[in-house]
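Asker: Just one file: my_file.tsv, with TSV, C-alpha atoms and all ligand atoms.
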chain	number	residue	atom	x	y	z
A	1	MET	CA	0.00	0.00	0.00
A	2	ASP	CA	1.24	3.47	-0.82
A	3	MET	CA	0.90	6.73	1.07
A	4	LYS	CA	1.42	10.40	0.39
A	5	ALA	CA	4.79	11.77	1.57
A	6	ALA	CA	7.32	14.57	1.11
A	7	PHE	CA	10.75	13.07	0.58
A	8	LEU	CA	14.29	13.95	-0.41
A	9	HIS	CA	15.71	12.42	-3.58
A	10	GLY	CA	18.89	14.48	-3.65
A	11	HIS	CA	20.55	17.46	-1.98
A	12	GLY	CA	20.22	21.08	-3.03
A	13	GLY	CA	17.25	23.44	-3.12
A	14	ASN	CA	13.53	22.71	-3.07
A	15	GLU	CA	13.87	20.82	-6.37
A	16	VAL	CA	15.18	17.80	-4.40
A	17	VAL	CA	12.03	17.76	-2.24
A	18	ALA	CA	9.34	15.67	-3.91
A	19	VAL	CA	5.72	15.20	-2.89
A	20	GLY	CA	4.56	11.83	-4.12
A	21	THR	CA	3.90	8.31	-2.97
A	22	ARG	CA	6.04	6.03	-0.80
A	23	PRO	CA	5.20	2.62	0.63
A	24	VAL	CA	3.37	2.60	3.97
A	25	PRO	CA	6.07	1.52	6.46
A	26	GLY	CA	5.94	-1.95	7.94
A	27	ARG	CA	5.34	-2.21	11.67
A	28	PRO	CA	7.84	-4.51	13.43
A	29	PRO	CA	6.81	-5.98	16.82
A	30	GLY	CA	7.07	-3.33	19.53
A	31	HIS	CA	6.47	-0.54	17.05
A	32	VAL	CA	3.41	1.64	16.62
A	33	LEU	CA	2.06	2.66	13.23
A	34	VAL	CA	0.94	6.27	13.62
A	35	ARG	CA	-1.34	8.08	11.22
A	36	VAL	CA	0.30	11.50	11.08
A	37	ARG	CA	-2.11	14.45	11.06
A	38	ALA	CA	0.37	17.31	11.39
A	39	ALA	CA	4.09	18.06	11.54
A	40	THR	CA	6.16	21.22	11.69
A	41	VAL	CA	9.27	22.20	9.81
A	42	ASN	CA	12.54	22.58	11.69
A	43	ARG	CA	15.90	24.09	10.76
A	44	VAL	CA	17.34	20.61	10.45
A	45	ASP	CA	14.87	19.86	7.62
A	46	LEU	CA	16.57	22.64	5.66
A	47	TYR	CA	19.96	21.20	6.59
A	48	MET	CA	18.95	17.73	5.39
A	49	ARG	CA	17.65	19.22	2.14
A	50	ASP	CA	20.77	21.33	1.58
A	51	SER	CA	23.39	18.66	2.28
A	52	GLY	CA	22.71	16.38	5.24
A	53	ALA	CA	26.50	16.25	5.60
A	54	GLY	CA	27.68	14.18	8.54
A	55	ILE	CA	24.28	12.52	9.01
A	56	THR	CA	24.14	8.90	7.85
A	57	HIS	CA	21.08	8.49	5.65
A	58	GLN	CA	19.88	6.88	2.46
A	59	LEU	CA	17.89	8.53	-0.30
A	60	PRO	CA	15.05	8.63	-0.97
A	61	GLN	CA	14.18	9.57	2.61
A	62	ILE	CA	10.93	11.00	3.97
A	63	MET	CA	11.48	14.35	5.70
A	64	GLY	CA	10.24	15.55	9.07
A	65	LEU	CA	11.20	15.10	12.72
A	66	ASP	CA	8.12	15.96	14.75
A	67	GLY	CA	4.54	14.89	14.38
A	68	ALA	CA	1.18	14.32	16.00
A	69	GLY	CA	-1.61	12.04	14.91
A	70	THR	CA	-3.51	8.95	15.95
A	71	VAL	CA	-2.51	5.37	16.66
A	72	GLU	CA	-3.29	3.25	13.60
A	73	ALA	CA	-1.92	-0.12	14.72
A	74	VAL	CA	-0.19	-1.52	17.83
A	75	ASP	CA	0.82	-4.93	19.17
A	76	ALA	CA	-2.12	-6.96	20.48
A	77	ASP	CA	-0.60	-6.97	23.97
A	78	GLU	CA	0.16	-3.22	24.04
A	79	SER	CA	-1.18	-1.91	27.35
A	80	LEU	CA	-0.66	1.86	27.21
A	81	LEU	CA	-1.71	2.81	23.68
A	82	ARG	CA	-4.87	1.96	21.78
A	83	PRO	CA	-5.94	2.44	18.16
A	84	GLY	CA	-7.45	5.85	17.48
A	85	GLN	CA	-5.71	7.51	20.43
A	86	PRO	CA	-4.26	11.00	19.73
A	87	VAL	CA	-0.49	10.91	20.21
A	88	VAL	CA	2.62	13.03	19.81
A	89	LEU	CA	6.02	11.68	18.82
A	90	HIS	CA	9.51	11.91	20.28
A	91	PRO	CA	11.82	11.80	17.24
A	92	GLY	CA	14.88	10.10	18.77
A	93	ILE	CA	15.34	6.35	18.62
A	94	GLY	CA	18.24	5.34	20.84
A	95	CYS	CA	20.14	2.05	20.68
A	96	GLY	CA	19.23	1.19	24.27
A	97	ARG	CA	22.63	-0.44	24.82
A	98	CYS	CA	25.40	2.17	24.72
A	99	GLU	CA	26.93	3.68	27.84
A	100	PHE	CA	24.61	6.70	27.65
A	101	CYS	CA	21.39	4.77	27.02
A	102	GLN	CA	22.22	2.49	29.94
A	103	ARG	CA	22.72	5.55	32.14
A	104	GLY	CA	19.24	6.75	31.23
A	105	GLU	CA	20.58	9.55	29.03
A	106	GLY	CA	19.23	8.37	25.70
A	107	VAL	CA	19.56	11.86	24.29
A	108	LEU	CA	23.35	11.33	24.29
A	109	CYS	CA	23.11	7.94	22.52
A	110	VAL	CA	26.09	7.32	20.24
A	111	ARG	CA	23.86	5.51	17.74
A	112	MET	CA	20.87	7.84	17.94
A	113	SER	CA	18.58	7.53	14.94
A	114	LEU	CA	16.34	10.54	14.37
A	115	LEU	CA	13.18	10.69	12.30
A	116	GLY	CA	13.80	12.70	9.14
A	117	GLU	CA	17.57	12.60	9.63
A	118	HIS	CA	18.69	8.99	9.80
A	119	ARG	CA	15.39	7.32	8.90
A	120	ASP	CA	12.05	8.07	7.27
A	121	GLY	CA	10.27	10.92	9.04
A	122	THR	CA	6.87	12.44	9.63
A	123	PHE	CA	6.03	14.36	6.44
A	124	ALA	CA	3.89	11.40	5.43
A	125	GLU	CA	0.50	9.86	6.13
A	126	TYR	CA	2.08	7.13	8.27
A	127	VAL	CA	5.22	6.59	10.31
A	128	SER	CA	6.29	3.53	12.30
A	129	VAL	CA	8.19	4.13	15.56
A	130	PRO	CA	9.02	2.16	18.73
A	131	ALA	CA	6.17	2.33	21.27
A	132	GLY	CA	8.49	4.20	23.67
A	133	ASN	CA	8.57	7.16	21.26
A	134	VAL	CA	4.77	7.54	21.29
A	135	PHE	CA	3.20	9.74	23.99
A	136	PRO	CA	-0.45	10.58	24.70
A	137	MET	CA	-1.26	14.03	23.30
A	138	PRO	CA	-2.11	16.74	25.86
A	139	SER	CA	-5.79	17.71	25.76
A	140	GLY	CA	-6.86	21.06	24.33
A	141	LEU	CA	-4.23	21.18	21.59
A	142	SER	CA	-4.72	20.81	17.84
A	143	PHE	CA	-2.57	18.22	16.09
A	144	THR	CA	-0.58	21.10	14.62
A	145	GLU	CA	0.13	22.62	18.03
A	146	ALA	CA	0.97	19.22	19.51
A	147	ALA	CA	3.40	18.43	16.69
A	148	ALA	CA	5.47	21.48	17.66
A	149	LEU	CA	6.19	20.01	21.10
A	150	GLY	CA	8.29	17.04	19.96
A	151	VAL	CA	11.35	18.94	18.82
A	152	ASN	CA	10.82	22.63	19.41
A	153	HIS	CA	9.43	22.79	22.93
A	154	LEU	CA	11.37	19.72	24.05
A	155	THR	CA	14.60	21.43	23.00
A	156	ALA	CA	13.70	24.61	24.90
A	157	TRP	CA	12.56	22.57	27.92
A	158	ARG	CA	15.86	20.72	28.27
A	159	MET	CA	17.85	23.92	27.70
A	160	LEU	CA	16.01	25.91	30.37
A	161	PHE	CA	15.28	23.38	33.06
A	162	ALA	CA	17.77	20.51	32.69
A	163	GLN	CA	20.86	22.32	31.40
A	164	ALA	CA	20.55	25.92	32.66
A	165	ARG	CA	18.48	24.88	35.73
A	166	LEU	CA	16.38	28.07	35.52
A	167	LYS	CA	14.57	28.91	38.75
A	168	PRO	CA	11.26	30.81	39.07
A	169	TRP	CA	12.95	33.77	40.77
A	170	GLU	CA	15.62	34.13	38.09
A	171	SER	CA	15.89	36.12	34.86
A	172	VAL	CA	16.54	34.85	31.36
A	173	LEU	CA	17.57	36.68	28.19
A	174	VAL	CA	16.21	35.07	25.01
A	175	PHE	CA	17.91	36.09	21.79
A	176	GLY	CA	16.15	36.22	18.43
A	177	ILE	CA	12.54	36.04	19.51
A	178	GLY	CA	10.22	34.93	16.72
A	179	GLY	CA	11.90	31.63	15.95
A	180	GLY	CA	10.12	28.57	17.28
A	181	VAL	CA	12.63	27.59	19.96
A	182	SER	CA	12.98	31.17	21.24
A	183	LEU	CA	9.21	31.56	21.53
A	184	ALA	CA	9.00	28.21	23.29
A	185	ALA	CA	11.60	29.48	25.77
A	186	LEU	CA	9.56	32.64	26.36
A	187	GLN	CA	6.40	30.59	27.00
A	188	LEU	CA	8.05	28.00	29.24
A	189	ALA	CA	10.11	30.47	31.27
A	190	LYS	CA	7.15	32.79	31.86
A	191	LEU	CA	4.85	29.95	32.90
A	192	ALA	CA	7.59	28.75	35.27
A	193	GLY	CA	7.61	32.19	36.89
A	194	ALA	CA	10.89	33.61	35.60
A	195	ARG	CA	11.53	37.12	34.31
A	196	VAL	CA	12.10	37.11	30.54
A	197	ILE	CA	13.93	39.68	28.42
A	198	VAL	CA	13.78	39.17	24.65
A	199	THR	CA	15.71	40.55	21.68
A	200	SER	CA	14.92	40.83	18.00
A	201	ARG	CA	15.84	43.09	15.12
A	202	ASP	CA	12.13	43.38	14.29
A	203	ASP	CA	9.91	45.71	16.33
A	204	THR	CA	6.75	43.85	15.33
A	205	LYS	CA	8.14	40.63	16.81
A	206	LEU	CA	9.11	42.51	19.98
A	207	GLU	CA	5.58	43.92	20.30
A	208	ARG	CA	4.07	40.48	19.89
A	209	SER	CA	6.45	39.06	22.51
A	210	LEU	CA	5.46	41.75	24.99
A	211	SER	CA	1.81	40.89	24.40
A	212	MET	CA	2.70	37.25	25.17
A	213	GLY	CA	4.14	38.26	28.52
A	214	ALA	CA	7.78	39.14	27.89
A	215	ASP	CA	8.91	41.53	30.64
A	216	HIS	CA	11.28	43.58	28.53
A	217	ALA	CA	12.10	43.77	24.81
A	218	ILE	CA	15.29	45.01	23.17
A	219	ASN	CA	15.80	45.82	19.50
A	220	GLY	CA	19.22	44.35	18.78
A	221	ALA	CA	19.55	46.32	15.53
A	222	THR	CA	19.29	49.75	17.16
A	223	THR	CA	20.37	49.11	20.76
A	224	ASP	CA	23.47	47.75	22.52
A	225	VAL	CA	21.89	44.61	23.96
A	226	ALA	CA	24.30	44.13	26.89
A	227	LYS	CA	23.89	47.76	28.01
A	228	ALA	CA	20.12	47.49	27.73
A	229	VAL	CA	20.13	44.26	29.75
A	230	MET	CA	22.26	45.88	32.45
A	231	ALA	CA	19.88	48.86	32.56
A	232	ALA	CA	16.89	46.54	32.83
A	233	THR	CA	18.44	44.48	35.65
A	234	GLY	CA	19.79	47.28	37.83
A	235	GLY	CA	23.36	46.68	36.60
A	236	ARG	CA	23.31	43.02	37.65
A	237	GLY	CA	22.84	41.03	34.45
A	238	VAL	CA	20.66	37.98	33.79
A	239	ASP	CA	21.04	34.54	35.34
A	240	VAL	CA	20.57	32.70	32.08
A	241	VAL	CA	21.12	33.49	28.41
A	242	PHE	CA	19.17	31.33	25.98
A	243	GLU	CA	20.40	31.49	22.42
A	244	ASN	CA	20.60	29.69	19.12
A	245	VAL	CA	21.93	32.56	17.00
A	246	GLY	CA	25.64	31.94	17.59
A	247	ALA	CA	28.52	34.22	16.62
A	248	ALA	CA	26.49	37.38	15.95
A	249	VAL	CA	25.22	37.64	19.53
A	250	TRP	CA	27.96	35.84	21.48
A	251	SER	CA	29.77	38.94	22.71
A	252	SER	CA	26.62	40.67	23.98
A	253	ALA	CA	25.43	37.37	25.43
A	254	MET	CA	28.60	37.04	27.54
A	255	LYS	CA	28.37	40.66	28.68
A	256	SER	CA	24.72	40.27	29.69
A	257	LEU	CA	25.34	37.49	32.23
A	258	VAL	CA	25.54	37.98	35.98
A	259	ARG	CA	28.61	36.50	37.73
A	260	GLY	CA	28.20	32.73	37.76
A	261	GLY	CA	25.54	32.99	35.04
A	262	ARG	CA	24.77	30.28	32.52
A	263	LEU	CA	24.60	30.49	28.76
A	264	VAL	CA	22.76	27.68	27.01
A	265	THR	CA	22.91	27.23	23.25
A	266	CYS	CA	21.29	24.90	20.76
A	267	GLY	CA	22.24	26.49	17.48
A	268	ALA	CA	24.61	28.67	15.52
A	269	THR	CA	22.61	30.14	12.65
A	270	SER	CA	24.96	33.13	12.32
A	271	GLY	CA	28.25	31.21	12.72
A	272	ASP	CA	29.73	28.62	15.07
A	273	GLN	CA	33.15	30.11	15.87
A	274	PRO	CA	32.52	33.13	18.11
A	275	PRO	CA	35.35	34.77	20.11
A	276	ALA	CA	35.42	32.76	23.33
A	277	ASP	CA	36.17	35.64	25.71
A	278	LEU	CA	37.89	33.15	28.04
A	279	ARG	CA	39.04	35.76	30.55
A	280	ARG	CA	35.46	36.83	31.16
A	281	ILE	CA	34.37	33.20	31.40
A	282	PHE	CA	36.82	32.23	34.15
A	283	ILE	CA	36.93	35.49	36.09
A	284	ARG	CA	33.17	35.77	36.23
A	285	GLN	CA	32.82	31.96	36.48
A	286	LEU	CA	30.32	31.68	33.65
A	287	GLN	CA	28.98	28.36	32.43
A	288	ILE	CA	28.53	27.53	28.75
A	289	LEU	CA	26.06	24.71	28.16
A	290	GLY	CA	25.30	22.93	24.92
A	291	SER	CA	22.02	21.20	24.38
A	292	THR	CA	20.05	19.39	21.73
A	293	LEU	CA	16.62	17.78	21.84
A	294	GLY	CA	15.68	16.08	25.16
A	295	ASP	CA	15.17	12.73	26.88
A	296	PHE	CA	11.97	10.69	27.09
A	297	HIS	CA	11.51	11.61	30.74
A	298	GLU	CA	11.94	15.31	29.90
A	299	PHE	CA	9.32	14.96	27.15
A	300	ARG	CA	6.95	13.36	29.65
A	301	ASP	CA	7.54	16.25	32.07
A	302	LEU	CA	6.98	18.79	29.27
A	303	LEU	CA	3.69	17.15	28.26
A	304	GLY	CA	2.55	17.21	31.88
A	305	PHE	CA	3.50	20.89	32.10
A	306	VAL	CA	1.54	21.65	28.92
A	307	GLU	CA	-1.50	19.79	30.24
A	308	ARG	CA	-1.26	21.61	33.59
A	309	THR	CA	-0.64	25.14	32.26
A	310	GLY	CA	-2.62	25.10	29.01
A	311	LEU	CA	0.44	26.24	27.04
A	312	LYS	CA	-0.24	26.38	23.30
A	313	PRO	CA	2.69	26.51	20.90
A	314	VAL	CA	2.60	29.54	18.60
A	315	ILE	CA	1.86	28.50	15.02
A	316	ASP	CA	2.99	31.02	12.41
A	317	SER	CA	1.34	29.37	9.43
A	318	THR	CA	0.04	26.01	8.25
A	319	TYR	CA	0.49	24.58	4.77
A	320	PRO	CA	-0.94	21.40	3.29
A	321	LEU	CA	1.70	18.71	2.73
A	322	GLU	CA	1.56	19.38	-1.02
A	323	GLN	CA	2.92	22.89	-0.33
A	324	VAL	CA	5.98	21.75	1.60
A	325	HIS	CA	8.18	23.94	-0.63
A	326	ALA	CA	6.32	27.05	0.52
A	327	ALA	CA	6.63	25.91	4.14
A	328	LEU	CA	10.40	25.45	3.79
A	329	ASP	CA	10.67	28.87	2.11
A	330	ARG	CA	8.74	30.47	4.95
A	331	LEU	CA	11.10	28.97	7.55
A	332	GLU	CA	14.17	29.92	5.55
A	333	SER	CA	12.97	33.53	5.21
A	334	GLY	CA	13.25	34.09	8.96
A	335	ALA	CA	10.08	36.20	8.77
A	336	GLN	CA	8.00	33.71	10.73
A	337	PHE	CA	6.71	34.21	14.27
A	338	GLY	CA	6.35	30.72	15.71
A	339	LYS	CA	6.27	27.36	14.02
A	340	VAL	CA	5.63	26.73	10.36
A	341	ALA	CA	3.38	23.68	10.18
A	342	LEU	CA	2.23	21.09	7.67
A	343	SER	CA	-1.20	19.52	7.77
A	344	ILE	CA	-1.17	15.97	6.50
A	345	ASP	CA	-4.94	15.87	6.20
A	346	SER	CA	-7.89	18.18	6.76
A	347	ALA	CA	-8.23	17.17	10.42
A	348	ALA	CA	-5.00	18.94	11.27
A	349	LEU	CA	-6.64	22.28	11.94
A	350	ALA	CA	-9.50	20.90	14.03
A	351	PRO	CA	-9.27	21.59	17.78
B	401	ZN	ZN	22.54	4.28	22.86
Mind converting the file's structure to structure tokens?
Ligand code: ZN

Answerer:
Amino acid sequence: MDMKAAFLHGHGGNEVVAVGTRPVPGRPPGHVLVRVRAATVNRVDLYMRDSGAGITHQLPQIMGLDGAGTVEAVDADESLLRPGQPVVLHPGIGCGRCEFCQRGEGVLCVRMSLLGEHRDGTFAEYVSVPAGNVFPMPSGLSFTEAAALGVNHLTAWRMLFAQARLKPWESVLVFGIGGGVSLAALQLAKLAGARVIVTSRDDTKLERSLSMGADHAINGATTDVAKAVMAATGGRGVDVVFENVGAAVWSSAMKSLVRGGRLVTCGATSGDQPPADLRRIFIRQLQILGSTLGDFHEFRDLLGFVERTGLKPVIDSTYPLEQVHAALDRLESGAQFGKVALSIDSAALAP
């Protein structure tokens, strides 16, 4: 049986992204066949399209890391999931046997296989994943909103709460508000009680962030960010810097931190070799923390937090799967505010 999917058949621009038919994946024992209703596009989808360098994969490969949908088929003796149940996916399939998996840190697995990177992903009507990667969907979310949790909000969750150990009485500076992960950080940090300062080069995005609860907004194009942060914090600096911009903001990020502050990063859109400023790092005893994705137990905590707080991921725009090129263009433009989503069928927009 065939299904509709968006898949890569080469590397380059959108011309290597095809929308056509692929076989419905088989479901090995212990796996769940999920009918995908919605997915969102992530920066790594662009990376896989452009080159996928350093990521072991075979073409053609179905794109997409995150997704939400319903259980189509499970093992007869499956006790936690049932056909028809709304679910959201964790994209990382660990080996279960390496040093890190055995320690319970599957996110560090040396043989990690990610949907849409190392194996067929979610931009398709069906995907087959181990039952451990399938989580009940929080109530009150659309499939589109739920899909955004699996990569975007999970990444921000681990960065803020596991890596940077943000506390409710602390302050966090979020660079480049408007991108999905930055907005997730704003939502999560505010709901956790922290004070949030945001930056952008776009006043409209700053206005929208303030309306979402940001405590202070700085235009990084017209203002010295570090000076503005110091002014906004009584000369103290923030406890945590959250960033995925990289080189372009590194210097102001370092100068915005309080003594002993933590910088957590999950990306380097503007360059990955910033000046290290080592003297500042050791004299002021700063911590630099790298992070990517999150563990199963962190995803479970995030989903509980979403259920408890009513958090809804910000969706910038939703395209039907057939318009995946337009969705990728929208993400690449940097003009978006929130996640760019794909609906795999008409149910994706239903509450
Ligand atoms: Zn492993």

Asker: Have a look at A:Val19, A:Ala221, A:Ala189, A:Ala326 and name the one nearest to Trp157 (chain A); count only C-alpha atoms.

Answerer: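 Closest residue, counting only C-alpha atoms: A:Ala189.
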
Asker: May I ask for the distance between CA of Gln85 (chain A) and CA of His153 (chain A), given in Å to one decimal place?

Answerer: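 Interatomic distance here is 21.7 Å.
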
Asker: Could you give me the residues within 6 Å of ligand ZN 401 (chain B), counting only C-alpha atoms and all ligand atoms, as number ranges by chain?

Answerer: A: 94-98, 100-101, 106, 109-111

Asker: To one decimal place, how far is CA of Trp169 (chain A) from CA of Ala231 (chain A) in Å?

Answerer: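 Calculated distance between CA of Trp169 (chain A) and CA of Ala231 (chain A) is 18.5 Å.
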
Asker: From the options A:Thr292, A:Val240, A:Leu46, A:Ala148, which residue's atoms come nearest to Arg330 (chain A), counting all atoms listed in the file?

Answerer: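 Among the listed residues, the smallest separation from Arg330 (chain A) belongs to A:Leu46.
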
Asker: Between A:Leu206, A:Leu59, A:Ala247, A:Ala38, single out the one closest to Glu117 (chain A), counting all atoms listed in the file.

Answerer: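 Of A:Leu206, A:Leu59, A:Ala247, A:Ala38, the one nearest Glu117 (chain A), counting all atoms listed in the file, is A:Leu59.
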
Asker: Region 74-180 of chain A near region 261-280 of chain A within 12 Å: what's each residue's closest atom pair and its distance in Å to one decimal, counting all atoms listed in the file, ordered by chain then ascending residue number, as a tab-separated table?

Answerer:
residue	atom	partner	partner_atom	distance
A:Val151	CA	A:Cys266	CA	11.8
A:Asn152	CA	A:Cys266	CA	10.8
A:Leu154	CA	A:Cys266	CA	11.7
A:Thr155	CA	A:Cys266	CA	7.9
A:Ala156	CA	A:Cys266	CA	8.7
A:Trp157	CA	A:Val264	CA	11.4
A:Arg158	CA	A:Val264	CA	9.9
A:Met159	CA	A:Val264	CA	6.2
A:Leu160	CA	A:Val264	CA	7.7
A:Phe161	CA	A:Val264	CA	10.5
A:Ala162	CA	A:Val264	CA	10.4
A:Gln163	CA	A:Val264	CA	7.2
A:Ala164	CA	A:Arg262	CA	6.1
A:Arg165	CA	A:Arg262	CA	8.9
A:Leu166	CA	A:Arg262	CA	9.2
A:Glu170	CA	A:Gly261	CA	10.4
A:Ser171	CA	A:Gly261	CA	10.1
A:Val172	CA	A:Arg262	CA	9.5
A:Leu173	CA	A:Leu263	CA	9.4
A:Val174	CA	A:Val264	CA	10.1
A:Phe175	CA	A:Thr265	CA	10.3
A:Gly176	CA	A:Thr269	CA	10.6
A:Gly179	CA	A:Thr269	CA	11.3

Asker: May I have the selected residues written with C-alpha atoms, as a PDB file, keeping the file's coordinate frame?

Answerer:
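And here is the file that came out, selection07.pdb:
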ATOM      1  CA  VAL A 151      11.350  18.940  18.820  1.00  0.00           C
ATOM      2  CA  ASN A 152      10.820  22.630  19.410  1.00  0.00           C
ATOM      3  CA  LEU A 154      11.370  19.720  24.050  1.00  0.00           C
ATOM      4  CA  THR A 155      14.600  21.430  23.000  1.00  0.00           C
ATOM      5  CA  ALA A 156      13.700  24.610  24.900  1.00  0.00           C
ATOM      6  CA  TRP A 157      12.560  22.570  27.920  1.00  0.00           C
ATOM      7  CA  ARG A 158      15.860  20.720  28.270  1.00  0.00           C
ATOM      8  CA  MET A 159      17.850  23.920  27.700  1.00  0.00           C
ATOM      9  CA  LEU A 160      16.010  25.910  30.370  1.00  0.00           C
ATOM     10  CA  PHE A 161      15.280  23.380  33.060  1.00  0.00           C
ATOM     11  CA  ALA A 162      17.770  20.510  32.690  1.00  0.00           C
ATOM     12  CA  GLN A 163      20.860  22.320  31.400  1.00  0.00           C
ATOM     13  CA  ALA A 164      20.550  25.920  32.660  1.00  0.00           C
ATOM     14  CA  ARG A 165      18.480  24.880  35.730  1.00  0.00           C
ATOM     15  CA  LEU A 166      16.380  28.070  35.520  1.00  0.00           C
ATOM     16  CA  GLU A 170      15.620  34.130  38.090  1.00  0.00           C
ATOM     17  CA  SER A 171      15.890  36.120  34.860  1.00  0.00           C
ATOM     18  CA  VAL A 172      16.540  34.850  31.360  1.00  0.00           C
ATOM     19  CA  LEU A 173      17.570  36.680  28.190  1.00  0.00           C
ATOM     20  CA  VAL A 174      16.210  35.070  25.010  1.00  0.00           C
ATOM     21  CA  PHE A 175      17.910  36.090  21.790  1.00  0.00           C
ATOM     22  CA  GLY A 176      16.150  36.220  18.430  1.00  0.00           C
ATOM     23  CA  GLY A 179      11.900  31.630  15.950  1.00  0.00           C
TER      24      GLY A 179
END

Asker: Could you list, as a PyMOL selection string, every residue within 7 Å of Ile62 (chain A), counting all atoms listed in the file and ignoring same-chain residues fewer than 5 positions away?

Answerer: chain A and resi 5-8+116+120-121+123

Asker: How many Å separate CA of Val241 (chain A) from CA of Ile288 (chain A)?

Answerer: 9.5 Å

Asker: What are the centre and edge lengths in Å, to one decimal, of the axis-aligned box around all listed atoms of region 251-267 of chain A with 6 Å added on each side, as AutoDock Vina command-line options?

Answerer:
--center_x 25.5 --center_y 32.8 --center_z 27.6 --size_x 20.5 --size_y 27.8 --size_z 32.3

Asker: Hey, which of A:Ala184, A:Leu321, A:Ser200, A:Thr56 ends up closest to Leu302 (chain A)? Count only C-alpha atoms.

Answerer: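 So, comparing all the options, the nearest one is A:Ala184.
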
Asker: Using all atoms listed in the file, list the residues that have an atom at most 12 Å from (0.9, 18.9, 8.1), coordinates as in the file, as a PyMOL selection string.

Answerer: chain A and resi 4-6+35-41+63-69+122-126+142-148+315+317-324+327+339-349

Asker: Pick out the closest residue to Leu80 (chain A) from this set: A:Val32, A:Trp250, A:Val44, A:Gly304. Count only C-alpha atoms.

Answerer: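 The shortest atom-to-atom distance to Leu80 (chain A) comes from A:Val32.
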
Asker: Pick from A:Ala335, A:Arg236, A:Ser51, A:Lys227: nearest to Arg201 (chain A), with all atoms listed in the file counted?

Answerer: A:Ala335

Asker: I need every residue sitting at most 6 Å from the point (9.8, 12.0, 20.3) (coordinates as in the file, only C-alpha atoms considered), written as a PyMOL selection string.

Answerer: chain A and resi 89-92+133+150
